[in-house]
Amino acid sequence: MVIEFFKSVGIFLFGGSLPIMGVYLLAVFIDLMTGYVVALKSHNWHSAINLWGILTKLTTIFAIIAAAILDNIGPFFGIVIPINIALWATGFLTLYEISSILENFAGLGIKLGFIKKYLGIFNEQMNGKDDENE
């Protein structure tokens, strides 16, 4: 009974993004944890940056909820939306979180040259620090 309640709340809040919401939340958790490890390793822990990161994560969750609202209210206004906005938004945000996790791995000194070659996600963020370590 409790599980059904939370499932119905999840469907209400996240709409069509519910199938991949667990993956997204896991990516957010891993990103936060690896970010904390990078901050501790570099002795660069700033509460303001931490707070800003957490607020950013909450904002992305609210963006998914807003996308689910758009999915749900469109038909009431006669708007046919050919895609599930919440699902696509969650998918793109999951990819963003994965790129942030990879950035944190690079900050820990894990060699990611092969990924950087294909995705090009570390060029500006790492300011050449990853290239020096290879």
# chains A, B, ... in the order shown; residues from 1 in each chain; ligands from 1
call {"tool": "select_by_dssp", "arguments": {"residues": "stretch 29-121 of chain A", "states": "helix (DSSP H, G or I)", "output": "number ranges by chain"}}
result
A: 29-41, 47-77, 85-107, 113-119
call {"tool": "residues_around", "arguments": {"residues": "A:Ala66", "least_positions_apart": "3", "cutoff": "12 Å", "atoms": "only C-alpha atoms", "output": "PyMOL selection string"}}
result
chain A and resi 12-17+59-63+69-73+85-87+89-90
call {"tool": "closest_residue", "arguments": {"among": "A:Thr56, A:Asn104, A:Asn44, A:Thr94", "to": "A:Leu25", "atoms": "only C-alpha atoms"}}
result
A:Thr94
call {"tool": "residues_around", "arguments": {"residues": "A:Ser100", "least_positions_apart": "6", "cutoff": "10 Å", "atoms": "only C-alpha atoms", "output": "PyMOL selection string"}}
result
chain A and resi 27-28+30-32+34-35+94+106+121-122
call {"tool": "write_last_selection", "arguments": {"atoms": "all heavy atoms", "output": "compact mmCIF listing (two decimals), in the first residue's frame"}}
result
# COMPACT_ATOMS: atom_id res chain seq x y z
N ALA A 27 22.72 9.08 -10.70
CA ALA A 27 23.78 9.89 -11.28
C ALA A 27 24.01 11.16 -10.46
O ALA A 27 25.15 11.58 -10.25
CB ALA A 27 23.45 10.25 -12.73
N VAL A 28 22.93 11.77 -9.96
CA VAL A 28 23.06 12.95 -9.10
C VAL A 28 23.82 12.59 -7.84
O VAL A 28 24.74 13.32 -7.41
CB VAL A 28 21.68 13.55 -8.76
CG1 VAL A 28 21.77 14.56 -7.64
CG2 VAL A 28 21.05 14.19 -9.99
N ILE A 30 25.95 10.06 -7.31
CA ILE A 30 27.35 9.77 -7.62
C ILE A 30 28.11 11.06 -7.92
O ILE A 30 29.26 11.23 -7.49
CB ILE A 30 27.46 8.77 -8.80
CG1 ILE A 30 26.93 7.41 -8.36
CG2 ILE A 30 28.90 8.64 -9.29
CD1 ILE A 30 26.77 6.42 -9.50
N ASP A 31 27.47 11.98 -8.63
CA ASP A 31 28.12 13.26 -8.93
C ASP A 31 28.43 14.04 -7.65
O ASP A 31 29.52 14.57 -7.48
CB ASP A 31 27.25 14.09 -9.87
CG ASP A 31 27.88 15.41 -10.23
OD1 ASP A 31 29.12 15.46 -10.43
OD2 ASP A 31 27.16 16.42 -10.32
N LEU A 32 27.47 14.08 -6.74
CA LEU A 32 27.71 14.78 -5.47
C LEU A 32 28.83 14.12 -4.68
O LEU A 32 29.74 14.81 -4.18
CB LEU A 32 26.43 14.81 -4.63
CG LEU A 32 25.35 15.79 -5.08
CD1 LEU A 32 24.07 15.56 -4.29
CD2 LEU A 32 25.83 17.22 -4.93
N THR A 34 31.32 12.11 -5.75
CA THR A 34 32.64 12.27 -6.38
C THR A 34 33.10 13.72 -6.31
O THR A 34 34.29 13.98 -6.16
CB THR A 34 32.63 11.77 -7.84
OG1 THR A 34 31.62 12.46 -8.57
CG2 THR A 34 32.42 10.28 -7.91
N GLY A 35 32.16 14.65 -6.36
CA GLY A 35 32.51 16.06 -6.20
C GLY A 35 33.07 16.34 -4.81
O GLY A 35 34.02 17.09 -4.64
N THR A 94 20.41 13.53 -17.30
CA THR A 94 21.21 12.38 -16.89
C THR A 94 22.55 12.39 -17.61
O THR A 94 23.61 12.15 -17.00
CB THR A 94 20.46 11.06 -17.16
OG1 THR A 94 19.23 11.08 -16.45
CG2 THR A 94 21.28 9.86 -16.73
N ALA A 106 38.25 12.81 -13.59
CA ALA A 106 39.47 13.42 -14.09
C ALA A 106 40.15 14.24 -12.99
O ALA A 106 41.37 14.26 -12.88
CB ALA A 106 39.17 14.29 -15.30
N ILE A 121 34.55 16.79 -23.46
CA ILE A 121 33.89 17.47 -22.36
C ILE A 121 34.83 18.11 -21.35
O ILE A 121 34.39 18.88 -20.51
CB ILE A 121 32.94 16.52 -21.61
CG1 ILE A 121 33.69 15.32 -21.09
CG2 ILE A 121 31.79 16.10 -22.48
CD1 ILE A 121 32.87 14.40 -20.23
N PHE A 122 36.12 17.78 -21.43
CA PHE A 122 37.03 18.28 -20.40
C PHE A 122 37.91 19.42 -20.88
O PHE A 122 38.70 19.95 -20.10
CB PHE A 122 37.92 17.14 -19.90
CG PHE A 122 37.16 16.05 -19.26
CD1 PHE A 122 37.15 14.80 -19.82
CD2 PHE A 122 36.45 16.27 -18.11
CE1 PHE A 122 36.43 13.78 -19.23
CE2 PHE A 122 35.74 15.27 -17.52
CZ PHE A 122 35.73 14.01 -18.08
call {"tool": "atom_distance", "arguments": {"atom1": "atom CA of A:Lys57", "atom2": "atom CA of A:Pro19"}}
result
19.0 Å
call {"tool": "atom_distance", "arguments": {"atom1": "atom CA of A:Asn50", "atom2": "atom CA of A:Met33"}}
result
11.2 Å
call {"tool": "atom_distance", "arguments": {"atom1": "atom CA of A:Ala39", "atom2": "atom CA of A:Gly107"}}
result
9.1 Å
call {"tool": "closest_residue", "arguments": {"among": "A:Gly53, A:Gly74, A:Val80, A:Tyr24", "to": "A:Leu95", "atoms": "only C-alpha atoms"}}
result
A:Tyr24
call {"tool": "residues_around", "arguments": {"residues": "A:Gly10", "least_positions_apart": "5", "cutoff": "12 Å", "atoms": "only C-alpha atoms", "output": "PDB file with N, CA, C and O atoms, in the first residue's frame"}}
result
ATOM      1  N   ILE A   3       3.979   1.455  -1.023  1.00  0.00           N
ATOM      2  CA  ILE A   3       4.710   1.497  -2.296  1.00  0.00           C
ATOM      3  C   ILE A   3       3.825   2.059  -3.390  1.00  0.00           C
ATOM      4  O   ILE A   3       4.268   2.877  -4.205  1.00  0.00           O
ATOM      5  N   GLU A   4       2.549   1.659  -3.408  1.00  0.00           N
ATOM      6  CA  GLU A   4       1.612   2.181  -4.412  1.00  0.00           C
ATOM      7  C   GLU A   4       1.418   3.684  -4.247  1.00  0.00           C
ATOM      8  O   GLU A   4       1.292   4.416  -5.229  1.00  0.00           O
ATOM      9  N   PHE A   5       1.387   4.145  -2.994  1.00  0.00           N
ATOM     10  CA  PHE A   5       1.246   5.584  -2.746  1.00  0.00           C
ATOM     11  C   PHE A   5       2.430   6.347  -3.329  1.00  0.00           C
ATOM     12  O   PHE A   5       2.255   7.336  -4.034  1.00  0.00           O
ATOM     13  N   GLY A  15       5.780  12.282 -14.066  1.00  0.00           N
ATOM     14  CA  GLY A  15       5.131  11.888 -15.308  1.00  0.00           C
ATOM     15  C   GLY A  15       5.872  10.789 -16.036  1.00  0.00           C
ATOM     16  O   GLY A  15       6.271   9.784 -15.463  1.00  0.00           O
ATOM     17  N   GLY A  16       6.088  10.999 -17.330  1.00  0.00           N
ATOM     18  CA  GLY A  16       6.717  10.005 -18.173  1.00  0.00           C
ATOM     19  C   GLY A  16       8.195   9.802 -17.930  1.00  0.00           C
ATOM     20  O   GLY A  16       8.801   8.910 -18.512  1.00  0.00           O
ATOM     21  N   SER A  17       8.787  10.620 -17.086  1.00  0.00           N
ATOM     22  CA  SER A  17      10.216  10.455 -16.807  1.00  0.00           C
ATOM     23  C   SER A  17      10.471   9.417 -15.726  1.00  0.00           C
ATOM     24  O   SER A  17      11.613   9.069 -15.455  1.00  0.00           O
ATOM     25  N   LEU A  18       9.413   8.901 -15.134  1.00  0.00           N
ATOM     26  CA  LEU A  18       9.557   7.959 -14.021  1.00  0.00           C
ATOM     27  C   LEU A  18      10.405   6.739 -14.356  1.00  0.00           C
ATOM     28  O   LEU A  18      11.199   6.308 -13.511  1.00  0.00           O
ATOM     29  N   PRO A  19      10.331   6.168 -15.583  1.00  0.00           N
ATOM     30  CA  PRO A  19      11.156   4.988 -15.854  1.00  0.00           C
ATOM     31  C   PRO A  19      12.668   5.213 -15.718  1.00  0.00           C
ATOM     32  O   PRO A  19      13.394   4.298 -15.361  1.00  0.00           O
ATOM     33  N   ILE A  20      13.141   6.421 -15.987  1.00  0.00           N
ATOM     34  CA  ILE A  20      14.584   6.668 -15.877  1.00  0.00           C
ATOM     35  C   ILE A  20      14.938   7.595 -14.719  1.00  0.00           C
ATOM     36  O   ILE A  20      16.086   7.978 -14.556  1.00  0.00           O
ATOM     37  N   MET A  21      13.951   7.915 -13.899  1.00  0.00           N
ATOM     38  CA  MET A  21      14.204   8.815 -12.775  1.00  0.00           C
ATOM     39  C   MET A  21      15.196   8.203 -11.792  1.00  0.00           C
ATOM     40  O   MET A  21      16.028   8.908 -11.228  1.00  0.00           O
ATOM     41  N   GLY A  22      15.140   6.899 -11.590  1.00  0.00           N
ATOM     42  CA  GLY A  22      16.089   6.236 -10.700  1.00  0.00           C
ATOM     43  C   GLY A  22      17.512   6.366 -11.195  1.00  0.00           C
ATOM     44  O   GLY A  22      18.435   6.604 -10.409  1.00  0.00           O
ATOM     45  N   ILE A  64      12.389  18.984 -14.201  1.00  0.00           N
ATOM     46  CA  ILE A  64      11.742  17.733 -14.626  1.00  0.00           C
ATOM     47  C   ILE A  64      10.267  17.757 -14.247  1.00  0.00           C
ATOM     48  O   ILE A  64       9.397  17.357 -15.038  1.00  0.00           O
ATOM     49  N   ILE A  65       9.968  18.246 -13.058  1.00  0.00           N
ATOM     50  CA  ILE A  65       8.566  18.362 -12.631  1.00  0.00           C
ATOM     51  C   ILE A  65       7.823  19.322 -13.552  1.00  0.00           C
ATOM     52  O   ILE A  65       6.685  19.054 -13.968  1.00  0.00           O
ATOM     53  N   ALA A  68       7.029  17.595 -16.733  1.00  0.00           N
ATOM     54  CA  ALA A  68       5.904  16.675 -16.548  1.00  0.00           C
ATOM     55  C   ALA A  68       4.584  17.437 -16.526  1.00  0.00           C
ATOM     56  O   ALA A  68       3.572  16.961 -17.057  1.00  0.00           O
TER      57      ALA A  68
END
